[in-house]
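What follows is the content of work_14.cif (mmCIF, C-alpha atoms).
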```
data_final
loop_
_atom_site.label_atom_id
_atom_site.label_comp_id
_atom_site.auth_asym_id
_atom_site.auth_seq_id
_atom_site.Cartn_x
_atom_site.Cartn_y
_atom_site.Cartn_z
CA PHE V 1 2.16 -85.33 52.24
CA LYS V 2 -0.93 -84.29 50.33
CA LEU V 3 -0.51 -80.69 51.50
CA SER V 4 3.15 -80.55 50.39
CA TYR V 5 2.21 -82.07 47.01
CA TYR V 6 -0.57 -79.54 46.62
CA ASN V 7 1.76 -76.62 47.41
CA GLU V 8 4.35 -77.87 44.94
CA TYR V 9 1.66 -78.35 42.31
CA LYS V 10 0.38 -74.82 42.96
CA SER V 11 3.85 -73.30 42.46
CA TYR V 12 4.12 -75.04 39.09
CA LEU V 13 0.78 -73.57 38.13
CA ARG V 14 2.01 -70.05 38.95
CA LEU V 15 4.99 -70.57 36.66
CA TYR V 16 3.11 -71.84 33.64
CA MET V 17 -0.47 -70.66 33.95
CA SER V 18 -2.29 -67.41 34.60
CA ASP V 19 -4.73 -66.97 37.45
CA SER V 20 -7.66 -67.21 35.07
CA ASP V 21 -6.40 -70.58 33.82
CA MET V 22 -6.23 -71.83 37.40
CA GLN V 23 -9.82 -70.87 38.04
CA GLN V 24 -11.16 -72.47 34.85
CA ASP V 25 -9.19 -75.75 34.77
CA THR V 26 -11.08 -78.86 35.88
CA ASP V 27 -8.28 -81.33 35.08
CA ALA V 28 -5.18 -79.66 36.55
CA PRO V 29 -2.51 -82.37 35.92
CA ASN V 30 -3.47 -82.73 32.23
CA SER V 31 -3.68 -78.95 31.87
CA LEU V 32 -0.23 -78.54 33.39
CA ARG V 33 1.23 -81.18 31.08
CA ASN V 34 -0.37 -79.58 28.03
CA ARG V 35 0.91 -76.15 29.09
CA LYS V 36 4.47 -77.46 29.41
CA ASN V 37 4.24 -79.06 25.99
CA GLU V 38 2.98 -75.75 24.50
CA VAL V 39 5.89 -73.85 26.04
CA LYS V 40 8.37 -76.43 24.78
CA THR V 41 6.85 -76.39 21.29
CA GLN V 42 6.91 -72.60 21.20
CA GLY V 43 10.55 -72.59 22.27
CA GLU V 44 11.54 -75.04 19.57
CA SER V 45 9.58 -73.22 16.87
CA SER V 46 11.04 -69.86 17.90
CA ALA V 47 14.54 -71.31 17.78
CA ASP V 48 14.02 -72.75 14.31
CA THR V 49 12.32 -69.68 12.85
CA THR V 50 14.54 -67.07 11.23
CA PRO V 51 13.74 -63.48 12.20
CA THR V 52 11.75 -61.53 9.62
CA PRO V 53 12.66 -57.98 8.71
CA THR V 54 10.88 -55.46 10.88
CA ALA V 55 8.74 -52.70 9.43
CA PRO V 56 9.94 -49.08 9.67
CA SER V 57 9.28 -47.47 13.03
CA SER V 58 6.07 -45.57 13.46
CA LYS V 59 7.87 -42.24 13.93
CA TRP V 60 9.48 -42.49 10.49
CA GLN V 61 6.16 -43.54 8.96
CA ASN V 62 4.57 -40.46 10.50
CA ALA V 63 7.45 -38.33 9.20
CA TRP V 64 6.84 -39.69 5.70
CA ILE V 65 3.11 -38.91 5.88
CA ARG V 66 3.79 -35.38 7.20
CA SER V 67 6.29 -34.75 4.41
CA LEU V 68 3.95 -36.14 1.77
CA TYR V 69 1.17 -33.71 2.69
CA SER V 70 3.49 -30.79 3.47
CA VAL V 71 4.68 -30.49 -0.14
CA PRO V 72 1.26 -29.71 -1.70
CA MET V 73 0.41 -27.38 1.21
CA ILE V 74 3.59 -25.35 0.70
CA GLY V 75 3.08 -25.39 -3.07
CA GLY V 76 -0.50 -24.14 -2.74
CA PHE V 77 0.63 -21.41 -0.33
CA ILE V 78 3.25 -20.17 -2.82
CA LEU V 79 0.64 -20.14 -5.61
CA ILE V 80 -1.73 -18.01 -3.53
CA LEU V 81 1.13 -15.63 -2.69
CA TRP V 82 1.75 -15.21 -6.41
CA LEU V 83 -1.93 -14.37 -7.01
CA GLY V 84 -1.75 -11.36 -4.68
CA PRO V 85 -2.70 -9.99 -1.27
CA ILE V 86 -6.48 -10.23 -1.64
CA TYR V 87 -6.24 -14.00 -2.25
CA VAL V 88 -3.87 -14.35 0.69
CA ALA V 89 -6.41 -12.52 2.88
CA MET V 90 -9.13 -14.91 1.69
CA LEU V 91 -6.91 -17.89 2.57
CA ILE V 92 -6.27 -16.48 6.06
CA ILE V 93 -9.99 -15.98 6.64
CA ALA V 94 -10.71 -19.55 5.45
CA LEU V 95 -8.12 -20.93 7.89
CA GLN V 96 -9.54 -18.74 10.63
CA VAL V 97 -13.06 -20.08 10.06
CA LYS V 98 -11.82 -23.67 10.24
CA CYS V 99 -9.88 -22.94 13.45
CA PHE V 100 -13.00 -21.42 14.97
CA HIS V 101 -15.03 -24.47 13.96
CA GLU V 102 -12.53 -26.85 15.58
CA LEU V 103 -12.68 -24.90 18.84
CA MET V 104 -16.47 -24.82 18.77
CA VAL V 105 -16.65 -28.59 18.29
CA ILE V 106 -14.41 -29.10 21.33
CA GLY V 107 -16.38 -26.67 23.49
CA HIS V 108 -19.76 -28.10 22.56
CA SER V 109 -18.77 -31.78 22.81
CA LYS V 110 -19.31 -31.89 26.58
CA TYR V 111 -22.83 -30.48 26.28
CA SER V 112 -23.88 -32.06 22.96
CA SER V 113 -26.76 -33.91 24.65
CA LEU V 114 -28.38 -30.66 25.80
CA ASP V 115 -30.88 -28.77 23.69
CA LEU V 116 -29.39 -25.27 23.46
CA PRO V 117 -31.54 -23.04 21.24
CA TRP V 118 -29.73 -20.79 18.76
CA TYR V 119 -26.33 -21.86 20.09
CA ARG V 120 -24.74 -22.77 16.74
CA VAL V 121 -26.46 -19.93 14.89
CA LEU V 122 -25.18 -17.37 17.40
CA ASN V 123 -21.65 -18.79 17.19
CA TRP V 124 -21.45 -18.24 13.45
CA TYR V 125 -23.25 -14.92 13.75
CA PHE V 126 -20.67 -13.57 16.20
CA LEU V 127 -17.90 -14.87 13.93
CA ALA V 128 -19.41 -13.01 10.95
CA VAL V 129 -19.79 -9.79 12.95
CA ALA V 130 -16.20 -9.99 14.23
CA ASN V 131 -14.89 -10.50 10.70
CA TYR V 132 -17.03 -7.64 9.40
CA PHE V 133 -15.55 -5.33 12.02
CA PHE V 134 -11.88 -6.30 11.75
CA PHE V 135 -11.72 -6.85 8.01
CA GLY V 136 -13.62 -3.61 7.47
CA GLU V 137 -11.08 -1.81 9.67
CA SER V 138 -8.28 -3.05 7.45
CA LEU V 139 -10.01 -2.06 4.21
CA THR V 140 -10.99 1.41 5.39
CA SER V 141 -7.48 1.99 6.72
CA TYR V 142 -5.46 0.81 3.73
CA PHE V 143 -7.79 1.38 0.77
CA ARG V 144 -9.76 4.50 1.57
CA ASN V 145 -9.90 5.43 -2.13
CA LEU V 146 -12.05 2.37 -2.73
CA PHE V 147 -14.78 3.80 -0.48
CA LEU V 148 -14.57 7.31 -1.89
CA GLU V 149 -15.71 6.20 -5.35
CA GLU V 150 -19.24 5.30 -4.23
CA GLU V 151 -21.41 7.32 -1.87
CA TYR V 152 -22.89 4.32 -0.06
CA LEU V 153 -19.41 2.80 0.47
CA ASN V 154 -18.20 6.09 1.89
CA LYS V 155 -21.07 6.10 4.38
CA LEU V 156 -20.35 2.49 5.33
CA ALA V 157 -16.73 3.47 6.01
CA ASN V 158 -17.70 6.52 8.07
CA TYR V 159 -20.14 4.58 10.26
CA HIS V 160 -18.35 1.22 10.15
CA ARG V 161 -17.68 0.94 13.88
CA PHE V 162 -21.17 2.03 14.87
CA ILE V 163 -22.74 -0.50 12.48
CA SER V 164 -20.46 -3.24 13.84
CA TYR V 165 -21.49 -2.44 17.40
CA LEU V 166 -25.20 -2.53 16.51
CA LEU V 167 -24.74 -5.92 14.86
CA TYR V 168 -23.02 -7.27 17.97
CA LEU V 169 -25.79 -5.91 20.19
CA CYS V 170 -28.38 -7.81 18.13
CA GLY V 171 -26.58 -11.09 18.80
CA PHE V 172 -26.14 -10.20 22.47
CA ILE V 173 -29.87 -9.52 22.89
CA VAL V 174 -30.82 -12.78 21.18
CA PHE V 175 -28.48 -14.68 23.51
CA VAL V 176 -30.10 -13.12 26.59
CA LEU V 177 -33.59 -13.91 25.28
CA THR V 178 -32.68 -17.57 24.72
CA LEU V 179 -31.42 -18.21 28.27
CA GLN V 180 -33.20 -21.16 29.85
CA LYS V 181 -33.72 -22.07 33.47
CA LYS V 182 -31.37 -24.81 34.75
CA LYS V 183 -29.07 -24.19 31.77
CA TYR V 184 -27.71 -20.79 32.75
CA MET V 185 -24.26 -22.06 33.72
CA VAL V 186 -23.84 -24.07 30.53
CA GLN V 187 -25.04 -21.24 28.28
CA PHE V 188 -22.81 -18.62 29.91
CA THR V 189 -19.86 -21.03 29.81
CA LEU V 190 -20.31 -21.56 26.08
CA PHE V 191 -20.87 -17.82 25.56
CA GLY V 192 -17.47 -17.16 27.15
CA TRP V 193 -15.95 -20.01 25.14
CA THR V 194 -17.21 -18.44 21.91
CA HIS V 195 -15.67 -15.07 22.73
CA LEU V 196 -12.37 -16.70 23.72
CA ALA V 197 -12.33 -18.49 20.35
CA LEU V 198 -13.02 -15.17 18.59
CA LEU V 199 -10.11 -13.60 20.44
CA CYS V 200 -7.74 -16.43 19.52
CA CYS V 201 -8.80 -16.80 15.89
CA VAL V 202 -10.28 -13.57 14.54
CA VAL V 203 -8.05 -10.99 16.25
CA GLN V 204 -4.82 -12.79 15.39
CA SER V 205 -5.87 -13.50 11.81
CA HIS V 206 -6.74 -9.80 11.48
CA VAL V 207 -3.21 -8.70 12.42
CA ILE V 208 -1.76 -11.25 9.98
CA ILE V 209 -3.91 -9.72 7.22
CA GLN V 210 -2.57 -6.29 8.15
CA ASN V 211 0.97 -7.66 7.86
CA THR V 212 0.05 -8.92 4.39
CA PHE V 213 -1.21 -5.52 3.24
CA GLU V 214 2.08 -3.94 4.35
CA GLY V 215 3.89 -6.30 1.98
CA LEU V 216 3.83 -10.03 1.38
CA TYR V 217 7.35 -10.16 2.81
CA TRP V 218 5.94 -9.64 6.31
CA LEU V 219 3.78 -12.73 5.90
CA LEU V 220 6.05 -15.04 3.91
CA PHE V 221 9.29 -14.49 5.81
CA PRO V 222 7.98 -15.14 9.36
CA ALA V 223 5.77 -18.00 8.15
CA SER V 224 8.76 -19.64 6.45
CA MET V 225 10.79 -19.26 9.66
CA VAL V 226 8.13 -21.13 11.66
CA ILE V 227 7.89 -23.84 8.97
CA CYS V 228 11.68 -24.23 8.87
CA ASN V 229 11.92 -24.47 12.66
CA ASP V 230 9.05 -26.96 12.80
CA ILE V 231 10.61 -29.20 10.16
CA MET V 232 14.18 -29.05 11.46
CA ALA V 233 13.17 -29.47 15.11
CA TYR V 234 11.08 -32.50 14.12
CA PHE V 235 13.86 -34.23 12.19
CA PHE V 236 16.57 -33.37 14.73
CA GLY V 237 14.24 -34.71 17.40
CA ILE V 238 13.47 -38.05 15.77
CA SER V 239 17.12 -38.50 14.70
CA PHE V 240 18.99 -37.47 17.86
CA GLY V 241 16.34 -36.68 20.46
CA LYS V 242 16.91 -38.24 23.89
CA THR V 243 16.40 -35.46 26.45
CA PRO V 244 12.75 -34.43 27.05
CA LEU V 245 12.17 -30.70 26.69
CA ILE V 246 8.81 -30.04 28.34
CA GLN V 247 6.26 -32.18 30.13
CA LEU V 248 3.33 -30.80 28.15
CA SER V 249 4.73 -32.29 24.94
CA PRO V 250 6.70 -35.48 25.69
CA LYS V 251 7.84 -35.90 22.08
CA LYS V 252 9.71 -32.57 22.11
CA THR V 253 13.39 -32.87 22.96
CA TRP V 254 16.23 -30.47 23.72
CA GLU V 255 18.15 -31.87 20.75
CA GLY V 256 15.29 -30.98 18.41
CA PHE V 257 14.81 -27.56 20.02
CA ILE V 258 18.49 -26.60 19.72
CA GLY V 259 18.86 -28.07 16.24
CA GLY V 260 15.79 -26.18 15.08
CA PHE V 261 17.15 -22.92 16.55
CA PHE V 262 20.50 -22.99 14.73
CA SER V 263 18.94 -24.21 11.48
CA THR V 264 16.33 -21.44 11.58
CA MET V 265 18.92 -18.73 12.29
CA VAL V 266 21.02 -19.80 9.29
CA PHE V 267 17.94 -20.13 7.10
CA GLY V 268 16.69 -16.71 8.23
CA LEU V 269 19.95 -14.99 7.29
CA LEU V 270 20.03 -16.65 3.87
CA VAL V 271 16.38 -15.87 3.09
CA SER V 272 16.63 -12.24 4.26
CA LYS V 273 19.55 -11.77 1.86
CA THR V 274 17.48 -13.09 -1.04
CA MET V 275 13.85 -12.16 -0.56
CA TYR V 276 14.21 -8.35 -0.49
CA HIS V 277 15.08 -8.28 -4.22
CA TYR V 278 11.46 -8.96 -5.24
CA LYS V 279 9.08 -5.98 -5.31
CA HIS V 280 6.15 -8.40 -5.40
CA LEU V 281 7.03 -9.21 -1.80
CA THR V 282 8.34 -5.92 -0.40
CA CYS V 283 5.81 -3.41 -1.79
CA PRO V 284 2.52 -2.80 0.07
CA ALA V 285 -0.91 -3.38 -1.42
CA GLU V 286 -2.93 -0.51 -2.89
CA TYR V 287 -6.24 0.09 -4.64
CA SER V 288 -5.81 1.05 -8.30
CA ASN V 289 -8.02 0.81 -11.39
CA GLY V 290 -10.78 -1.00 -9.54
CA ALA V 291 -8.59 -3.74 -8.06
CA LEU V 292 -6.41 -4.42 -5.03
CA ILE V 293 -2.88 -4.82 -6.36
CA ILE V 294 0.71 -4.66 -5.19
CA SER V 295 2.06 -1.17 -5.70
CA ASN V 296 5.08 -0.51 -7.90
CA CYS V 297 7.09 1.10 -5.12
CA GLU V 298 10.71 1.72 -4.39
CA PRO V 299 11.92 -0.51 -1.53
CA GLY V 300 11.78 1.21 1.85
CA TYR V 301 14.78 2.14 3.93
CA VAL V 302 14.71 -1.19 5.74
CA PHE V 303 15.58 -2.98 2.47
CA ASN V 304 18.31 -0.53 1.40
CA PRO V 305 21.86 -0.21 2.77
CA GLN V 306 22.08 2.19 5.72
CA ASP V 307 25.15 3.70 7.37
CA PHE V 308 25.64 3.11 11.10
CA SER V 309 28.31 4.60 13.36
CA LEU V 310 30.31 2.41 15.71
CA PRO V 311 30.37 3.34 19.42
CA GLU V 312 33.42 5.34 20.44
CA THR V 313 34.69 2.53 22.64
CA ILE V 314 34.75 0.10 19.72
CA GLN V 315 36.38 2.73 17.50
CA HIS V 316 39.09 3.19 20.12
CA VAL V 317 39.71 -0.57 20.36
CA LEU V 318 39.93 -0.85 16.56
CA GLY V 319 42.32 2.10 16.53
CA LEU V 320 44.74 0.11 18.70
CA PHE V 321 45.05 -2.32 15.80
CA GLY V 322 45.56 0.45 13.27
CA SER V 323 41.97 0.53 11.95
CA THR V 324 40.33 3.85 11.10
CA ARG V 325 36.85 2.41 10.62
CA THR V 326 34.18 4.55 12.28
CA GLY V 327 31.05 2.85 10.96
CA PHE V 328 29.62 0.26 8.64
CA SER V 329 26.89 -0.12 6.03
CA VAL V 330 24.28 -2.87 6.13
CA ARG V 331 20.68 -3.50 5.16
CA PRO V 332 18.53 -3.31 8.33
CA ILE V 333 16.41 -6.20 7.07
CA TYR V 334 19.29 -8.58 7.93
CA PHE V 335 19.05 -7.65 11.59
CA HIS V 336 15.24 -7.71 11.61
CA GLY V 337 15.35 -11.09 9.88
CA LEU V 338 17.55 -12.54 12.61
CA VAL V 339 15.23 -11.17 15.28
CA MET V 340 12.21 -12.81 13.63
CA ALA V 341 14.14 -16.07 13.13
CA ALA V 342 15.12 -16.09 16.83
CA PHE V 343 11.51 -15.51 17.87
CA ALA V 344 10.28 -18.25 15.52
CA SER V 345 12.69 -20.80 17.02
CA LEU V 346 12.70 -19.78 20.70
CA ILE V 347 9.29 -18.25 21.51
CA ALA V 348 6.84 -19.31 18.80
CA PRO V 349 7.12 -23.02 19.79
CA PHE V 350 5.44 -22.08 23.07
CA GLY V 351 2.30 -21.57 21.01
CA GLY V 352 2.58 -25.26 20.19
CA PHE V 353 3.23 -26.13 23.84
CA PHE V 354 0.15 -24.14 24.82
CA ALA V 355 -1.89 -26.08 22.24
CA SER V 356 -0.47 -29.36 23.60
CA GLY V 357 -1.55 -28.46 27.13
CA PHE V 358 -4.97 -27.49 25.79
CA LYS V 359 -5.36 -30.88 24.09
CA ARG V 360 -4.26 -32.71 27.21
CA ALA V 361 -6.84 -30.83 29.25
CA PHE V 362 -9.56 -32.13 26.90
CA LYS V 363 -7.89 -35.55 26.36
CA LEU V 364 -7.42 -34.98 22.63
CA LYS V 365 -4.68 -36.19 20.31
CA ASP V 366 -5.29 -33.50 17.68
CA PHE V 367 -7.68 -30.62 17.16
CA GLY V 368 -9.03 -32.33 14.05
CA ASP V 369 -8.20 -34.78 11.29
CA LEU V 370 -8.39 -32.56 8.22
CA ILE V 371 -4.70 -32.96 7.30
CA PRO V 372 -3.29 -36.54 7.55
CA GLY V 373 -0.12 -36.64 9.61
CA HIS V 374 -0.67 -33.10 10.88
CA GLY V 375 -4.10 -33.13 12.54
CA GLY V 376 -6.38 -30.12 12.37
CA VAL V 377 -5.76 -26.58 11.15
CA ILE V 378 -5.02 -25.34 14.68
CA ASP V 379 -2.30 -27.99 14.96
CA ARG V 380 -0.56 -26.22 12.05
CA MET V 381 -1.45 -22.64 12.97
CA ASP V 382 -0.75 -22.55 16.73
CA CYS V 383 2.80 -21.20 16.27
CA GLN V 384 1.86 -19.13 13.20
CA PHE V 385 -0.74 -17.12 15.14
CA LEU V 386 1.79 -16.25 17.84
CA MET V 387 4.42 -15.41 15.22
CA GLY V 388 2.03 -13.24 13.20
CA THR V 389 1.06 -11.21 16.25
CA PHE V 390 4.72 -10.66 17.14
CA VAL V 391 5.55 -9.47 13.60
CA PHE V 392 2.61 -7.03 13.73
CA VAL V 393 3.78 -5.53 17.04
CA TYR V 394 7.45 -5.54 16.01
CA TYR V 395 6.78 -3.99 12.59
CA TYR V 396 4.67 -1.13 13.94
CA SER V 397 7.13 -0.52 16.81
CA PHE V 398 10.49 -0.57 15.00
CA ILE V 399 9.99 -0.61 11.22
CA LYS V 400 6.78 1.12 10.17
CA SER V 401 7.18 4.68 8.91
CA LEU V 402 4.61 7.18 7.66
CA THR V 403 4.50 7.28 3.85
CA VAL V 404 3.19 9.87 1.40
CA GLN V 405 0.58 7.40 0.17
CA ARG V 406 -0.75 6.87 3.69
CA VAL V 407 -0.95 10.65 4.30
CA LEU V 408 -2.80 11.12 1.00
CA GLN V 409 -5.33 8.47 1.98
CA LEU V 410 -6.00 10.40 5.18
CA VAL V 411 -6.31 13.66 3.22
CA TYR V 412 -8.88 12.06 0.91
CA THR V 413 -11.14 11.44 3.89
CA LEU V 414 -11.46 15.21 4.43
CA THR V 415 -14.13 17.33 2.79
CA SER V 416 -13.26 19.44 -0.26
CA GLU V 417 -13.14 22.62 1.83
CA ASP V 418 -10.80 21.01 4.37
CA GLN V 419 -8.53 19.74 1.60
CA LEU V 420 -8.25 23.27 0.15
CA GLN V 421 -7.51 24.71 3.57
CA LEU V 422 -4.81 22.07 4.11
CA PHE V 423 -3.33 22.92 0.71
CA HIS V 424 -3.06 26.65 1.50
CA LEU V 425 -1.58 25.98 4.94
CA LEU V 426 0.99 23.61 3.47
CA GLU V 427 1.81 26.13 0.72
CA GLU V 428 2.43 28.89 3.28
CA SER V 429 4.61 26.61 5.36
CA LEU V 430 6.76 25.64 2.38
CA LYS V 431 7.18 29.28 1.31
CA THR V 432 8.16 30.30 4.84
CA ARG V 433 10.90 27.66 4.90
CA GLY V 434 12.10 28.71 1.43
CA LEU V 435 11.14 25.43 -0.24
CA LEU V 436 8.81 27.19 -2.73
#
```
Here is the file; what I need is its structure written in the form of structure tokens.
Amino acid sequence: FKLSYYNEYKSYLRLYMSDSDMQQDTDAPNSLRNRKNEVKTQGESSADTTPTPTAPSSKWQNAWIRSLYSVPMIGGFILILWLGPIYVAMLIIALQVKCFHELMVIGHSKYSSLDLPWYRVLNWYFLAVANYFFFGESLTSYFRNLFLEEEYLNKLANYHRFISYLLYLCGFIVFVLTLQKKKYMVQFTLFGWTHLALLCCVVQSHVIIQNTFEGLYWLLFPASMVICNDIMAYFFGISFGKTPLIQLSPKKTWEGFIGGFFSTMVFGLLVSKTMYHYKHLTCPAEYSNGALIISNCEPGYVFNPQDFSLPETIQHVLGLFGSTRTGFSVRPIYFHGLVMAAFASLIAPFGGFFASGFKRAFKLKDFGDLIPGHGGVIDRMDCQFLMGTFVFVYYYSFIKSLTVQRVLQLVYTLTSEDQLQLFHLLEESLKTRGLL
């Protein structure tokens, strides 16, 4: 009888009390009675209490914070665009430095307890040398006239690559001299980490700066496509998202991905039909009167209507319906705009997925906390870096053409005797062809 009573009593305890309560109670019957009374009281109070309005969900709160900080960021970006290409280049370098810093913090966090001599100094030294090399390459390529005005600048331009290599060698030698026994693996690991960060940050920011010097259009248009896709995919995702897109980023959904794609394509077509009207955006940068300015150029062929012939098969099909159309006229920038919009919505997000996998590998939520609601700079630039590199490759493969200004800059690098020889050879060639 006692055993059956004990078993029944134990089953009641399992229903009303946790295991920890069972272990700590010294007066079980009283404890059980008090527990039942608490449950009854809670049930009555919950029945009598009217439900209070719930606060907005966390995802909409996060959306509000992101929107709140996105407006001043976009406004500041437009202001810097208005100031000109040199200020845009300075902004890109500033973002690049912050991205590099965020990566260095992540890489060093695992070994922060170790005393690694000259580690931080060498990181920033290699960053400075890499920027000196790549930024110098851009200046000497686009603004050769700037270096011809002063003798010492001309020498710096002529020996720029050799000087850059010597500077790198100095850092390399210091690294080797600071290697310590029992820390070799850590030091070489961080050395490789530093160079990987330079590849991700400096090289890609360099190609974005080159896009900027070709015309602010080639920075603003692709950047706006990525921003549009990011915003529309986010709001389509939180509004209709149900189907997970990729395991690396659980918050991404197919609904957001598809909604962002169509929104970006429409936005890209509308923007490409509007933006080419402004010379401030379409003309390349040049050095004039002691300053880097936007040249007063005539828009290139890509911004002007061009005639294209239809394939014979299509002409034949149209002829069956009584049409005599053999071609059409369109601005090539419309097509290029759609290509960039498609890349921004279909491929560029994989830069974000890559960053998500990277953060998961290091158990991070964000790369930093500089921008509330957004995270660090890399969290905002992961897709932009991939997009900027694509625009650089695409522009130089399908759009870039040799201009008179670019040829003249190359001619100016020749000596006076070579310039005269080139002049006479060109004069003879023009006379032979009857152009003079």
Exercise for review: Please write as a list in words the full residue list that the PyMOL selection byres ((chain V and resi 393) around 12) yields on this file.
Suggested key: Gln204, Val207, Ile208, Gln210, Asn211, Trp218, Met340, Leu386, Met387, Gly388, Thr389, Phe390, Val391, Phe392, Tyr394, Tyr395, Tyr396, Ser397, Phe398, Ile399 and Lys400 of chain V
Could those residues be written to a file, using C-alpha atoms, as a PDB file, keeping the file's coordinate frame?
```pdb
ATOM      1  CA  GLN V 204      -4.820 -12.790  15.390  1.00  0.00           C
ATOM      2  CA  VAL V 207      -3.210  -8.700  12.420  1.00  0.00           C
ATOM      3  CA  ILE V 208      -1.760 -11.250   9.980  1.00  0.00           C
ATOM      4  CA  GLN V 210      -2.570  -6.290   8.150  1.00  0.00           C
ATOM      5  CA  ASN V 211       0.970  -7.660   7.860  1.00  0.00           C
ATOM      6  CA  TRP V 218       5.940  -9.640   6.310  1.00  0.00           C
ATOM      7  CA  MET V 340      12.210 -12.810  13.630  1.00  0.00           C
ATOM      8  CA  LEU V 386       1.790 -16.250  17.840  1.00  0.00           C
ATOM      9  CA  MET V 387       4.420 -15.410  15.220  1.00  0.00           C
ATOM     10  CA  GLY V 388       2.030 -13.240  13.200  1.00  0.00           C
ATOM     11  CA  THR V 389       1.060 -11.210  16.250  1.00  0.00           C
ATOM     12  CA  PHE V 390       4.720 -10.660  17.140  1.00  0.00           C
ATOM     13  CA  VAL V 391       5.550  -9.470  13.600  1.00  0.00           C
ATOM     14  CA  PHE V 392       2.610  -7.030  13.730  1.00  0.00           C
ATOM     15  CA  TYR V 394       7.450  -5.540  16.010  1.00  0.00           C
ATOM     16  CA  TYR V 395       6.780  -3.990  12.590  1.00  0.00           C
ATOM     17  CA  TYR V 396       4.670  -1.130  13.940  1.00  0.00           C
ATOM     18  CA  SER V 397       7.130  -0.520  16.810  1.00  0.00           C
ATOM     19  CA  PHE V 398      10.490  -0.570  15.000  1.00  0.00           C
ATOM     20  CA  ILE V 399       9.990  -0.610  11.220  1.00  0.00           C
ATOM     21  CA  LYS V 400       6.780   1.120  10.170  1.00  0.00           C
TER      22      LYS V 400
END
```
Exercise for review: Between atom CA of Ile106 of chain V and atom CA of Val71 of chain V, measure the distance and give it in Å to one decimal.
Suggested key: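 About the pair atom CA of Ile106 of chain V and atom CA of Val71 of chain V: they are 28.8 Å apart.
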Exercise for review: Might you spell out which residues the PyMOL selection byres ((chain V and resi 170-183) around 10) would select in the displayed file, as a PyMOL selection string?
Suggested key: chain V and resi 114-119+121-123+125-126+129+165-169+184-189+191
**Study point:** Best match for closeness to Arg406 of chain V among V:Lys251, V:Lys365, V:Lys279, V:Arg144, counting all atoms listed in the file
**Key:** V:Arg144
Review point. Any idea what the distance is between atom CA of Leu364 of chain V and atom CA of Met225 of chain V?
Key: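 These atoms are spaced 27.3 Å apart.
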Practice item. Might you spell out which residues the PyMOL selection byres ((chain V and resi 236) around 12) would select in the displayed file, as a list in words? Key: Ala63, Cys228, Asn229, Asp230, Ile231, Met232, Ala233, Tyr234, Phe235, Gly237, Ile238, Ser239, Phe240, Gly241, Lys242, Thr243, Lys251, Lys252, Thr253, Trp254, Glu255, Gly256, Phe257, Ile258, Gly259, Gly260, Phe261, Phe262 and Ser263 of chain V
Selected residues, C-alpha atoms, written as an mmCIF file, keeping the file's coordinate frame, please.
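That gives us result_4.cif:
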```
data_model
loop_
_atom_site.group_PDB
_atom_site.id
_atom_site.type_symbol
_atom_site.label_atom_id
_atom_site.label_comp_id
_atom_site.auth_asym_id
_atom_site.auth_seq_id
_atom_site.Cartn_x
_atom_site.Cartn_y
_atom_site.Cartn_z
ATOM 1 C CA ALA V 63 7.450 -38.330 9.200
ATOM 2 C CA CYS V 228 11.680 -24.230 8.870
ATOM 3 C CA ASN V 229 11.920 -24.470 12.660
ATOM 4 C CA ASP V 230 9.050 -26.960 12.800
ATOM 5 C CA ILE V 231 10.610 -29.200 10.160
ATOM 6 C CA MET V 232 14.180 -29.050 11.460
ATOM 7 C CA ALA V 233 13.170 -29.470 15.110
ATOM 8 C CA TYR V 234 11.080 -32.500 14.120
ATOM 9 C CA PHE V 235 13.860 -34.230 12.190
ATOM 10 C CA GLY V 237 14.240 -34.710 17.400
ATOM 11 C CA ILE V 238 13.470 -38.050 15.770
ATOM 12 C CA SER V 239 17.120 -38.500 14.700
ATOM 13 C CA PHE V 240 18.990 -37.470 17.860
ATOM 14 C CA GLY V 241 16.340 -36.680 20.460
ATOM 15 C CA LYS V 242 16.910 -38.240 23.890
ATOM 16 C CA THR V 243 16.400 -35.460 26.450
ATOM 17 C CA LYS V 251 7.840 -35.900 22.080
ATOM 18 C CA LYS V 252 9.710 -32.570 22.110
ATOM 19 C CA THR V 253 13.390 -32.870 22.960
ATOM 20 C CA TRP V 254 16.230 -30.470 23.720
ATOM 21 C CA GLU V 255 18.150 -31.870 20.750
ATOM 22 C CA GLY V 256 15.290 -30.980 18.410
ATOM 23 C CA PHE V 257 14.810 -27.560 20.020
ATOM 24 C CA ILE V 258 18.490 -26.600 19.720
ATOM 25 C CA GLY V 259 18.860 -28.070 16.240
ATOM 26 C CA GLY V 260 15.790 -26.180 15.080
ATOM 27 C CA PHE V 261 17.150 -22.920 16.550
ATOM 28 C CA PHE V 262 20.500 -22.990 14.730
ATOM 29 C CA SER V 263 18.940 -24.210 11.480
#
```
Exercise for review: Could you tell me which of V:Val330, V:Leu425, V:Leu338, V:Leu414 comes closest to Asp307 of chain V if we count all atoms listed in the file?
Suggested key: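 For Asp307 of chain V, the nearest of the candidates is V:Val330.
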Practice item. Counting all atoms listed in the file, figure out which residue out of V:Ser113, V:Phe100, V:Phe367, V:Gly351 gets nearest to Leu248 of chain V. Key: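 For Leu248 of chain V, the nearest of the given residues is V:Gly351.
Each of V:Phe133, V:Phe358, V:Asp379, V:Leu190 was checked against Ser109 of chain V using only C-alpha atoms; the smallest atom-to-atom distance is that of V:Leu190.
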Exercise for review: Compare V:Gly75, V:Asn158, V:Ala285, V:Phe267 by their minimum atom-to-atom distance to Val226 of chain V, counting all atoms listed in the file, and give me the closest one.
Suggested key: V:Phe267
